[in-house]
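Chemist: Sending over input-v9.cif (mmCIF, C-alpha atoms).
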data_model
loop_
_atom_site.label_atom_id
_atom_site.label_comp_id
_atom_site.auth_asym_id
_atom_site.auth_seq_id
_atom_site.Cartn_x
_atom_site.Cartn_y
_atom_site.Cartn_z
CA MET A 1 0.00 0.00 0.00
CA PHE A 2 1.26 3.49 -0.82
CA ALA A 3 1.55 5.89 2.08
CA MET A 4 -1.13 8.59 1.96
CA ALA A 5 -0.01 12.22 1.85
CA PRO A 6 -0.76 13.76 5.25
CA VAL A 7 -2.73 16.88 6.04
CA LEU A 8 -0.31 19.28 7.74
CA GLY A 9 -1.67 21.69 10.34
CA ILE A 10 0.35 24.78 11.23
CA ASP A 11 -0.34 26.95 14.28
CA PRO A 12 1.77 29.96 13.35
CA GLY A 13 4.02 31.75 15.82
CA LEU A 14 7.50 33.17 16.04
CA SER A 15 8.62 31.79 19.41
CA ARG A 16 6.70 28.55 18.97
CA CYS A 17 5.20 27.47 15.66
CA GLY A 18 3.21 24.26 16.11
CA TYR A 19 2.93 21.64 13.39
CA GLY A 20 1.05 18.39 13.17
CA ALA A 21 0.57 15.97 10.27
CA VAL A 22 -2.31 13.49 10.15
CA VAL A 23 -3.19 10.79 7.63
CA ARG A 24 -6.50 9.05 7.19
CA GLU A 25 -5.70 5.38 6.82
CA THR A 26 -7.82 2.55 5.44
CA GLY A 27 -10.98 2.16 7.47
CA SER A 28 -11.08 5.90 8.24
CA ARG A 29 -8.64 5.52 11.07
CA LEU A 30 -6.73 8.75 11.71
CA ARG A 31 -3.05 8.62 12.55
CA ALA A 32 -0.61 11.36 13.59
CA VAL A 33 2.55 10.94 11.52
CA SER A 34 4.45 13.92 12.90
CA CYS A 35 3.98 16.72 15.36
CA GLY A 36 6.05 19.20 17.24
CA VAL A 37 7.06 22.81 17.56
CA LEU A 38 9.50 24.96 15.57
CA ARG A 39 11.19 27.44 17.89
CA THR A 40 13.30 30.46 17.16
CA ASP A 41 15.71 31.98 19.64
CA PRO A 42 14.34 35.24 21.15
CA ALA A 43 17.98 36.45 21.44
CA LEU A 44 18.17 36.72 17.63
CA ASN A 45 16.77 39.72 15.82
CA LEU A 46 13.36 39.54 14.11
CA PRO A 47 14.61 39.15 10.50
CA GLN A 48 16.95 36.32 11.55
CA ARG A 49 14.16 34.57 13.43
CA LEU A 50 11.79 34.86 10.48
CA SER A 51 14.52 33.62 8.14
CA ILE A 52 15.08 30.53 10.32
CA LEU A 53 11.34 29.89 10.57
CA HIS A 54 11.08 30.26 6.76
CA ASP A 55 13.71 27.57 6.22
CA GLU A 56 12.30 25.21 8.84
CA LEU A 57 8.77 25.48 7.46
CA GLU A 58 10.12 24.82 3.98
CA SER A 59 12.05 21.74 5.18
CA LEU A 60 8.93 20.44 6.90
CA ILE A 61 6.84 20.79 3.75
CA VAL A 62 9.52 19.22 1.55
CA GLU A 63 9.94 16.33 3.98
CA LEU A 64 6.28 15.57 4.75
CA LYS A 65 4.90 16.30 1.25
CA PRO A 66 1.42 17.11 2.59
CA SER A 67 -1.63 17.09 0.31
CA VAL A 68 -2.99 20.13 2.13
CA VAL A 69 -1.51 22.68 4.53
CA VAL A 70 -3.98 23.99 7.11
CA VAL A 71 -3.03 27.30 8.73
CA GLU A 72 -4.89 28.94 11.60
CA ARG A 73 -6.79 31.97 10.36
CA LEU A 74 -5.84 35.05 12.36
CA LEU A 75 -8.52 37.05 14.05
CA PHE A 76 -7.45 40.48 15.00
CA GLN A 77 -8.99 40.79 18.40
CA ASN A 78 -7.01 37.77 19.69
CA ASN A 79 -3.68 38.35 21.40
CA VAL A 80 -3.02 41.90 20.22
CA ARG A 81 0.43 41.89 21.81
CA THR A 82 1.80 39.11 19.61
CA ALA A 83 -0.45 39.71 16.60
CA ILE A 84 2.26 41.24 14.41
CA SER A 85 4.74 38.39 14.82
CA VAL A 86 1.97 35.79 14.48
CA GLY A 87 0.89 37.54 11.26
CA GLN A 88 4.45 37.50 9.98
CA ALA A 89 4.83 33.79 10.78
CA SER A 90 1.49 32.94 9.15
CA GLY A 91 2.50 34.87 6.02
CA LEU A 92 5.58 32.67 5.70
CA ALA A 93 3.57 29.46 6.12
CA LEU A 94 0.98 30.51 3.52
CA ALA A 95 3.55 31.71 0.98
CA ILE A 96 5.84 28.70 1.32
CA ALA A 97 3.00 26.18 0.94
CA ALA A 98 1.71 27.99 -2.15
CA ARG A 99 5.23 28.18 -3.62
CA HIS A 100 5.37 24.37 -3.33
CA HIS A 101 2.00 24.13 -5.12
CA ILE A 102 0.26 22.68 -2.10
CA ASP A 103 -3.37 23.54 -1.39
CA VAL A 104 -3.77 25.80 1.61
CA VAL A 105 -6.85 26.22 3.76
CA GLN A 106 -7.41 28.39 6.79
CA TYR A 107 -9.80 27.87 9.69
CA SER A 108 -10.46 30.19 12.58
CA PRO A 109 -9.84 28.94 16.13
CA ASN A 110 -13.61 28.75 16.63
CA GLU A 111 -14.10 26.57 13.56
CA VAL A 112 -11.42 24.20 14.83
CA LYS A 113 -12.89 24.00 18.33
CA LEU A 114 -16.33 23.40 16.90
CA ALA A 115 -15.09 20.58 14.65
CA ILE A 116 -12.94 18.93 17.31
CA ALA A 117 -14.85 19.46 20.55
CA GLY A 118 -18.33 20.26 19.22
CA ASP A 119 -18.16 23.68 20.87
CA GLY A 120 -16.65 26.84 19.32
CA GLY A 121 -15.87 28.10 22.81
CA ALA A 122 -14.07 24.93 24.00
CA GLY A 123 -10.94 25.40 26.12
CA LYS A 124 -7.40 24.29 25.26
CA ALA A 125 -7.58 21.28 27.60
CA GLU A 126 -10.80 20.06 26.02
CA VAL A 127 -9.40 20.40 22.48
CA GLY A 128 -6.17 18.67 23.54
CA ALA A 129 -8.10 15.78 25.10
CA MET A 130 -10.19 15.36 21.94
CA VAL A 131 -7.07 15.44 19.75
CA ALA A 132 -5.56 12.64 21.86
CA ARG A 133 -8.81 10.68 21.69
CA LEU A 134 -9.29 11.06 17.91
CA LEU A 135 -5.68 10.05 17.25
CA LYS A 136 -5.67 7.33 19.93
CA LEU A 137 -2.70 8.89 21.69
CA ARG A 138 -2.01 7.97 25.32
CA GLU A 139 -1.32 11.58 26.24
CA VAL A 140 -2.26 15.03 25.02
CA PRO A 141 0.55 16.24 22.73
CA LYS A 142 2.70 18.94 24.29
CA PRO A 143 3.29 21.82 24.02
CA ALA A 144 -0.21 23.05 23.31
CA ASP A 145 0.93 24.51 19.96
CA ALA A 146 1.60 20.96 18.67
CA ALA A 147 -1.86 19.81 19.82
CA ASP A 148 -3.41 22.90 18.21
CA ALA A 149 -1.67 22.09 14.92
CA LEU A 150 -2.99 18.51 15.01
CA ALA A 151 -6.44 19.95 15.74
CA LEU A 152 -6.19 22.07 12.57
CA ALA A 153 -5.35 18.99 10.49
CA LEU A 154 -8.20 17.02 12.14
CA CYS A 155 -10.62 19.89 11.55
CA HIS A 156 -9.83 19.79 7.85
CA LEU A 157 -10.19 16.01 7.61
CA TRP A 158 -13.50 16.20 9.44
CA ARG A 159 -14.85 18.97 7.23
CA GLN A 160 -13.70 17.15 4.11
CA ARG A 161 -15.72 14.15 5.21
CA VAL A 162 -18.81 16.14 6.09
CA GLY A 163 -18.43 18.03 2.79
CA ALA A 164 -18.11 14.78 0.83
CA ALA A 165 -21.15 13.34 2.60
CA THR A 166 -23.18 16.47 1.94
CA GLU A 167 -22.14 16.70 -1.69
CA SER A 168 -23.10 13.11 -2.42
CA THR A 169 -26.27 13.47 -0.28
CA ARG A 170 -25.19 10.41 1.70
CA THR A 171 -26.01 10.45 5.35
CA LEU A 172 -23.13 10.27 7.80
CA ASP A 173 -21.96 6.77 8.53
CA VAL A 174 -22.20 6.58 12.28
CA ARG A 175 -20.28 3.31 12.47
CA SER A 176 -17.17 4.75 10.81
CA ASP A 177 -17.57 7.75 13.12
CA ARG A 178 -17.05 5.47 16.04
CA GLU A 179 -14.02 3.94 14.38
CA VAL A 180 -12.30 7.32 14.18
CA GLY A 181 -13.17 7.99 17.78
CA LEU A 182 -15.87 10.63 17.33
CA PRO A 183 -18.39 10.34 20.14
CA SER A 184 -21.73 9.09 18.93
CA GLY A 185 -23.96 11.90 17.74
CA LEU A 186 -21.15 14.44 17.65
CA ASP A 187 -21.12 14.70 13.87
CA GLN A 188 -24.80 15.56 13.90
CA ARG A 189 -24.33 18.17 16.65
CA ILE A 190 -21.47 19.80 14.80
CA ALA A 191 -23.30 19.69 11.48
CA ALA A 192 -26.33 21.31 13.14
CA ALA A 193 -24.16 23.97 14.75
CA LEU A 194 -22.45 24.70 11.44
CA ALA A 195 -25.83 24.89 9.70
CA ARG A 196 -26.99 27.48 12.21
CA ARG A 197 -23.97 29.65 11.44
CA THR A 198 -24.32 29.67 7.66
CA MET B 1 34.22 54.04 -10.08
CA PHE B 2 32.35 51.06 -8.71
CA ALA B 3 28.62 51.46 -8.29
CA MET B 4 27.64 51.77 -4.62
CA ALA B 5 25.19 49.22 -3.24
CA PRO B 6 21.85 50.98 -2.70
CA VAL B 7 19.75 51.16 0.43
CA LEU B 8 16.42 49.50 -0.40
CA GLY B 9 13.28 50.75 1.34
CA ILE B 10 10.22 48.50 1.45
CA ASP B 11 6.75 49.72 2.42
CA PRO B 12 5.06 46.35 2.93
CA GLY B 13 1.59 45.58 1.65
CA LEU B 14 -0.26 42.81 -0.14
CA SER B 15 -2.15 44.81 -2.78
CA ARG B 16 0.64 47.35 -3.20
CA CYS B 17 4.13 46.82 -1.79
CA GLY B 18 6.26 49.92 -2.37
CA TYR B 19 9.99 49.71 -2.98
CA GLY B 20 12.63 52.37 -3.51
CA ALA B 21 16.41 52.10 -3.77
CA VAL B 22 18.71 55.05 -3.09
CA VAL B 23 22.50 55.39 -3.36
CA ARG B 24 24.67 58.06 -1.82
CA GLU B 25 27.06 59.15 -4.53
CA THR B 26 30.38 61.00 -4.28
CA GLY B 27 29.83 64.40 -2.73
CA SER B 28 26.91 63.10 -0.61
CA ARG B 29 24.47 63.50 -3.47
CA LEU B 30 21.54 61.10 -3.12
CA ARG B 31 20.16 59.35 -6.18
CA ALA B 32 17.11 57.11 -6.63
CA VAL B 33 18.18 54.07 -8.65
CA SER B 34 14.86 52.25 -8.66
CA CYS B 35 11.37 52.67 -7.29
CA GLY B 36 7.94 51.30 -7.88
CA VAL B 37 5.22 49.07 -6.53
CA LEU B 38 4.78 45.29 -6.48
CA ARG B 39 1.13 44.42 -6.91
CA THR B 40 -0.73 41.17 -6.42
CA ASP B 41 -4.08 40.41 -8.00
CA PRO B 42 -6.91 40.58 -5.43
CA ALA B 43 -8.71 37.90 -7.49
CA LEU B 44 -6.11 35.33 -6.40
CA ASN B 45 -6.32 33.65 -3.02
CA LEU B 46 -4.16 34.85 -0.11
CA PRO B 47 -1.52 32.08 -0.25
CA GLN B 48 -1.06 32.62 -4.01
CA ARG B 49 -0.71 36.38 -3.53
CA LEU B 50 1.85 35.94 -0.75
CA SER B 51 3.74 33.42 -2.87
CA ILE B 52 3.92 35.90 -5.77
CA LEU B 53 5.00 38.70 -3.44
CA HIS B 54 7.65 36.38 -1.96
CA ASP B 55 9.14 35.72 -5.39
CA GLU B 56 9.00 39.34 -6.50
CA LEU B 57 10.66 40.60 -3.33
CA GLU B 58 13.35 37.97 -3.75
CA SER B 59 13.96 38.98 -7.39
CA LEU B 60 14.21 42.61 -6.34
CA ILE B 61 16.82 41.86 -3.68
CA VAL B 62 18.82 39.62 -6.00
CA GLU B 63 18.72 42.25 -8.75
CA LEU B 64 19.47 45.37 -6.69
CA LYS B 65 21.94 43.76 -4.24
CA PRO B 66 21.21 46.36 -1.53
CA SER B 67 23.62 46.91 1.35
CA VAL B 68 20.67 47.38 3.70
CA VAL B 69 16.95 46.66 3.47
CA VAL B 70 14.76 49.13 5.36
CA VAL B 71 11.27 47.90 6.20
CA GLU B 72 8.54 49.99 7.78
CA ARG B 73 7.98 48.94 11.37
CA LEU B 74 4.35 48.05 11.97
CA LEU B 75 2.46 49.78 14.71
CA PHE B 76 -0.63 48.06 15.78
CA GLN B 77 -3.00 50.94 16.06
CA ASN B 78 -2.50 51.88 12.40
CA ASN B 79 -4.93 50.52 9.81
CA VAL B 80 -6.42 47.67 11.81
CA ARG B 81 -8.39 46.47 8.80
CA THR B 82 -5.34 45.63 6.70
CA ALA B 83 -2.96 44.95 9.59
CA ILE B 84 -2.93 41.18 9.10
CA SER B 85 -2.00 41.28 5.41
CA VAL B 86 0.53 44.07 5.99
CA GLY B 87 2.06 41.96 8.77
CA GLN B 88 2.23 38.96 6.45
CA ALA B 89 3.88 41.02 3.70
CA SER B 90 6.39 42.54 6.13
CA GLY B 91 7.28 39.07 7.43
CA LEU B 92 8.18 38.02 3.90
CA ALA B 93 10.36 41.11 3.33
CA LEU B 94 12.22 40.65 6.63
CA ALA B 95 12.76 36.91 6.17
CA ILE B 96 13.89 37.15 2.54
CA ALA B 97 16.39 39.94 3.23
CA ALA B 98 17.85 37.99 6.17
CA ARG B 99 18.02 34.80 4.07
CA HIS B 100 20.15 36.75 1.59
CA HIS B 101 22.43 37.89 4.45
CA ILE B 102 21.48 41.53 4.02
CA ASP B 103 21.23 43.81 7.06
CA VAL B 104 17.68 44.77 7.86
CA VAL B 105 16.53 47.80 9.80
CA GLN B 106 13.02 48.92 10.66
CA TYR B 107 11.74 52.43 11.32
CA SER B 108 8.28 53.45 12.41
CA PRO B 109 6.27 55.83 10.18
CA ASN B 110 6.90 58.60 12.73
CA GLU B 111 10.66 58.11 12.63
CA VAL B 112 10.57 58.35 8.84
CA LYS B 113 8.44 61.49 8.82
CA LEU B 114 10.69 63.08 11.42
CA ALA B 115 13.84 62.33 9.43
CA ILE B 116 12.39 63.38 6.07
CA ALA B 117 10.10 66.29 6.90
CA GLY B 118 11.37 67.27 10.34
CA ASP B 119 7.97 66.50 11.82
CA GLY B 120 6.80 63.07 13.06
CA GLY B 121 3.24 64.06 12.26
CA ALA B 122 3.90 65.21 8.66
CA GLY B 123 1.31 64.29 6.02
CA LYS B 124 1.84 62.10 2.96
CA ALA B 125 2.03 65.10 0.62
CA GLU B 126 4.72 66.76 2.71
CA VAL B 127 6.81 63.59 2.88
CA GLY B 128 6.37 63.05 -0.88
CA ALA B 129 7.48 66.61 -1.63
CA MET B 130 10.56 66.24 0.56
CA VAL B 131 11.44 62.90 -1.09
CA ALA B 132 11.29 64.59 -4.51
CA ARG B 133 13.38 67.48 -3.23
CA LEU B 134 16.07 65.31 -1.58
CA LEU B 135 16.38 63.14 -4.69
CA LYS B 136 16.09 66.08 -7.11
CA LEU B 137 13.11 64.53 -8.86
CA ARG B 138 10.83 66.74 -10.96
CA GLU B 139 7.73 65.09 -9.54
CA VAL B 140 6.67 63.27 -6.41
CA PRO B 141 6.99 59.52 -7.13
CA LYS B 142 3.64 57.78 -7.53
CA PRO B 143 1.89 55.87 -6.16
CA ALA B 144 2.44 57.01 -2.57
CA ASP B 145 3.76 53.55 -1.62
CA ALA B 146 6.78 54.09 -3.89
CA ALA B 147 7.45 57.52 -2.34
CA ASP B 148 7.06 56.01 1.14
CA ALA B 149 9.62 53.32 0.28
CA LEU B 150 12.10 55.96 -0.93
CA ALA B 151 11.45 57.87 2.31
CA LEU B 152 12.41 54.75 4.30
CA ALA B 153 15.70 54.48 2.40
CA LEU B 154 16.37 58.22 2.85
CA CYS B 155 15.56 57.99 6.57
CA HIS B 156 18.19 55.29 6.95
CA LEU B 157 20.82 57.23 5.00
CA TRP B 158 20.10 60.33 7.07
CA ARG B 159 20.32 58.46 10.36
CA GLN B 160 23.53 56.73 9.30
CA ARG B 161 25.05 60.12 8.67
CA VAL B 162 23.85 61.62 11.92
CA GLY B 163 25.04 58.47 13.71
CA ALA B 164 28.46 58.68 12.05
CA ALA B 165 28.75 62.36 12.94
CA THR B 166 27.79 61.68 16.54
CA GLU B 167 30.11 58.71 16.88
CA SER B 168 33.13 60.62 15.63
CA THR B 169 32.11 63.71 17.63
CA ARG B 170 32.21 65.73 14.42
CA THR B 171 29.61 68.43 14.05
CA LEU B 172 27.23 68.22 11.12
CA ASP B 173 28.60 69.60 7.89
CA VAL B 174 26.00 72.15 6.89
CA ARG B 175 27.48 72.63 3.44
CA SER B 176 27.08 68.99 2.41
CA ASP B 177 23.57 69.19 3.88
CA ARG B 178 22.72 71.75 1.28
CA GLU B 179 24.23 69.58 -1.43
CA VAL B 180 21.84 66.73 -0.63
CA GLY B 181 18.95 69.14 -0.58
CA LEU B 182 18.23 69.26 3.14
CA PRO B 183 16.92 72.71 4.02
CA SER B 184 19.39 74.66 6.09
CA GLY B 185 19.02 73.97 9.80
CA LEU B 186 16.84 70.92 9.27
CA ASP B 187 19.46 68.50 10.51
CA GLN B 188 19.72 70.43 13.75
CA ARG B 189 15.95 70.52 14.19
CA ILE B 190 15.67 66.80 13.60
CA ALA B 191 18.62 66.00 15.85
CA ALA B 192 17.07 68.14 18.58
CA ALA B 193 13.70 66.44 18.15
CA LEU B 194 15.33 63.00 18.28
CA ALA B 195 17.29 64.01 21.38
CA ARG B 196 14.04 65.02 23.10
CA ARG B 197 12.56 61.57 22.39
CA THR B 198 15.44 59.52 23.79
#
Go ahead and express the file in the form of structure tokens.
Modeler:
Amino acid sequence: MFAMAPVLGIDPGLSRCGYGAVVRETGSRLRAVSCGVLRTDPALNLPQRLSILHDELESLIVELKPSVVVVERLLFQNNVRTAISVGQASGLALAIAARHHIDVVQYSPNEVKLAIAGDGGAGKAEVGAMVARLLKLREVPKPADAADALALALCHLWRQRVGAATESTRTLDVRSDREVGLPSGLDQRIAAALARRT
Amino acid sequence: MFAMAPVLGIDPGLSRCGYGAVVRETGSRLRAVSCGVLRTDPALNLPQRLSILHDELESLIVELKPSVVVVERLLFQNNVRTAISVGQASGLALAIAARHHIDVVQYSPNEVKLAIAGDGGAGKAEVGAMVARLLKLREVPKPADAADALALALCHLWRQRVGAATESTRTLDVRSDREVGLPSGLDQRIAAALARRT
């Protein structure tokens, strides 16, 4: 069997840039193939740090060959203090993925929380616990940026599935839901919540 | 005579990214060697636009071989609506310059206005007129993003000179001031204003 190309989530940041790659295997099982955090030394100046992050993001994309890169969409009201450097880091991730001809999608933190925990206002701990559960990991990935990046990848895989089901007018297959670890009925709750928003 | 490496100013933006390269020639005369605007098509998606901007900024740096790249420092309160895309564009400029081992400096809009027009609160028209005057251009460069980029380069050249004069405890040479087009006494006014701020 050929290895599937993973979906690569990126939680952009200058001090800590989380990444997490997930593949959907046969039987809809989801598996984390890579996750971690790219760090840049705060003792370096900003251009040097961005240059290092640029090269590390590029290496990651070349190495993992993702089918899709999922980057957190920035909302301005969040963390005003670090918003500029987060914006700069996200710009690098978006540009590098596009330069490698990889599809890029962005989801807001609320969209991710809604997809993963069924609640757009879910806390970090709740999202982390759901990431561990969906990927059958013994522990919540640390630091939180790595778990957040896996959550981005999972959000995309979940939405792809819901989208595919909707497009083909098939109903959701609850059995395969259980196989990927989604709590029974969660898909319906999320779908209903999404429907209310659109 | 060997051509001097220019100082390249970059006024970051996604729709319009201004650039302007200035050299200081023999006799302290300042000359604009290149200026213009990099544009990306708003019909393209964000990652594609950032990818195009990435490649155009890189071509510019490879072609002009600047000694220094001067990028406008982002202040959060300015233009909240476009702050994310401006941040993303600035991240690209900073990272690309550093990847090419070129020194990068950043100045805030107020620092540029103070250096160019002697007033941190100067308007666009005033800065544009001073840019044209300092570079002995018949007209103010258009669009404003190109003039702003030249202003960044001029700000750096001016501060270098003031810095050099201060370091060597020489007083400012008013005659060469006139040669580069600075109105008589302006250097002193700016130096005094800067001294008040620090």
Chemist: May I have the protein, DNA and RNA residues with any atom at most 12 Å from the point (-3.2, 27.1, -2.1), counting all atoms listed in the file, written as a ChimeraX atom specification?
Modeler: /A:66-71,93-106 /B:44-52
Chemist: Using all atoms listed in the file, pick whichever of B:Gly128, B:Gly163, B:Gly120, B:Gly36 has the shortest atom-to-atom distance to Ala151 in chain B.
Modeler: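 The answer is B:Gly128, which sits nearest to Ala151 in chain B.
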Chemist: Nearest to Leu74 in chain A among A:Ile61, A:Asp55, A:Arg24, A:Ser108, with distances taken over all atoms listed in the file: which residue is it?
Modeler: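 Using all atoms listed in the file, Leu74 in chain A sits closest to A:Ser108.
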Chemist: List the neighbours of Ala21 in chain A out to 7 Å using all atoms listed in the file; skip same-chain residues closer than 6 positions along the sequence, and give me the result as a list in words.
Modeler: Pro6, Val7, Leu8, Gly9, Ala32, Val33, Ser34, Cys35, Leu150 and Ala153 of chain A
Chemist: Please, which residues are within 10 Å of (-5.8, 6.5, 11.7) by the file's coordinates, counting only C-alpha atoms, and could they come as JSON, numbers by chain?
Modeler: {"A": [22, 23, 24, 25, 26, 27, 28, 29, 30, 31, 32, 33, 134, 135, 136, 179, 180, 181]}
Chemist: Of the residues A:Cys155, A:Val62, A:Val127, A:Ala89, which is the one nearest to Glu111 in chain A, using all atoms listed in the file?
Modeler: A:Cys155
Chemist: With the PyMOL selection byres ((chain A and resi 130) around 12) as the selection, what would be picked from this file? Answer as a VMD selection string, please.
Modeler: chain A and resid 112 to 119 122 to 129 131 to 141 147 to 148 150 to 151 154 to 155 180 to 183 186
Chemist: What's the separation between CA of Glu72 in chain A and CA of Met4 in chain A, in Å to one decimal place?
Modeler: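 Distance reported for this atom pair: 22.8 Å.
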Chemist: Could you work out how far CA of Arg39 in chain B lies from CA of Glu56 in chain B, giving the answer in Å with one decimal?
Modeler: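 Distance reported for this atom pair: 9.4 Å.
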Chemist: Pull out every residue that the PyMOL selection byres ((chain A and resi 85-88) around 7) matches in the shown coordinates and put them as a PyMOL selection string.
Modeler: (chain A and resi 12-14+82-84+89-92) or (chain B and resi 84+87-88+90-91)
Chemist: Give me a file of those residues, with C-alpha atoms, as a JSON list (two decimals), in the coordinates of the input.
Modeler:
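Writing done, so here's selection_18.json:
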[["chain", "number", "residue", "atom", "x", "y", "z"],
["A", 12, "PRO", "CA", 1.77, 29.96, 13.35],
["A", 13, "GLY", "CA", 4.02, 31.75, 15.82],
["A", 14, "LEU", "CA", 7.50, 33.17, 16.04],
["A", 82, "THR", "CA", 1.80, 39.11, 19.61],
["A", 83, "ALA", "CA", -0.45, 39.71, 16.60],
["A", 84, "ILE", "CA", 2.26, 41.24, 14.41],
["A", 89, "ALA", "CA", 4.83, 33.79, 10.78],
["A", 90, "SER", "CA", 1.49, 32.94, 9.15],
["A", 91, "GLY", "CA", 2.50, 34.87, 6.02],
["A", 92, "LEU", "CA", 5.58, 32.67, 5.70],
["B", 84, "ILE", "CA", -2.93, 41.18, 9.10],
["B", 87, "GLY", "CA", 2.06, 41.96, 8.77],
["B", 88, "GLN", "CA", 2.23, 38.96, 6.45],
["B", 90, "SER", "CA", 6.39, 42.54, 6.13],
["B", 91, "GLY", "CA", 7.28, 39.07, 7.43]]
Chemist: In terms of the shortest atom-to-atom distance over all atoms listed in the file, which of B:Lys142, B:His156, B:Arg16, B:His54 is closest to chain A?
Modeler: B:His54
Chemist: Identify which of the residues B:Leu152, B:Leu60, B:Leu53, B:Leu157 lies closest to chain A, counting only C-alpha atoms when measuring atom-to-atom distances.
Modeler: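 Of all the options, B:Leu53 lies closest to chain A.
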Chemist: Using Å and a single decimal, report how far CA of Ala144 in chain B sits from CA of Gly121 in chain B.
Modeler: 16.4 Å
Chemist: Looking at B:Gln160, B:Ala146, B:Gly18, B:Arg73, which one is nearest to chain A, with distances taken over all atoms listed in the file?
Modeler: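 Among the listed residues, the smallest separation from chain A belongs to B:Arg73.
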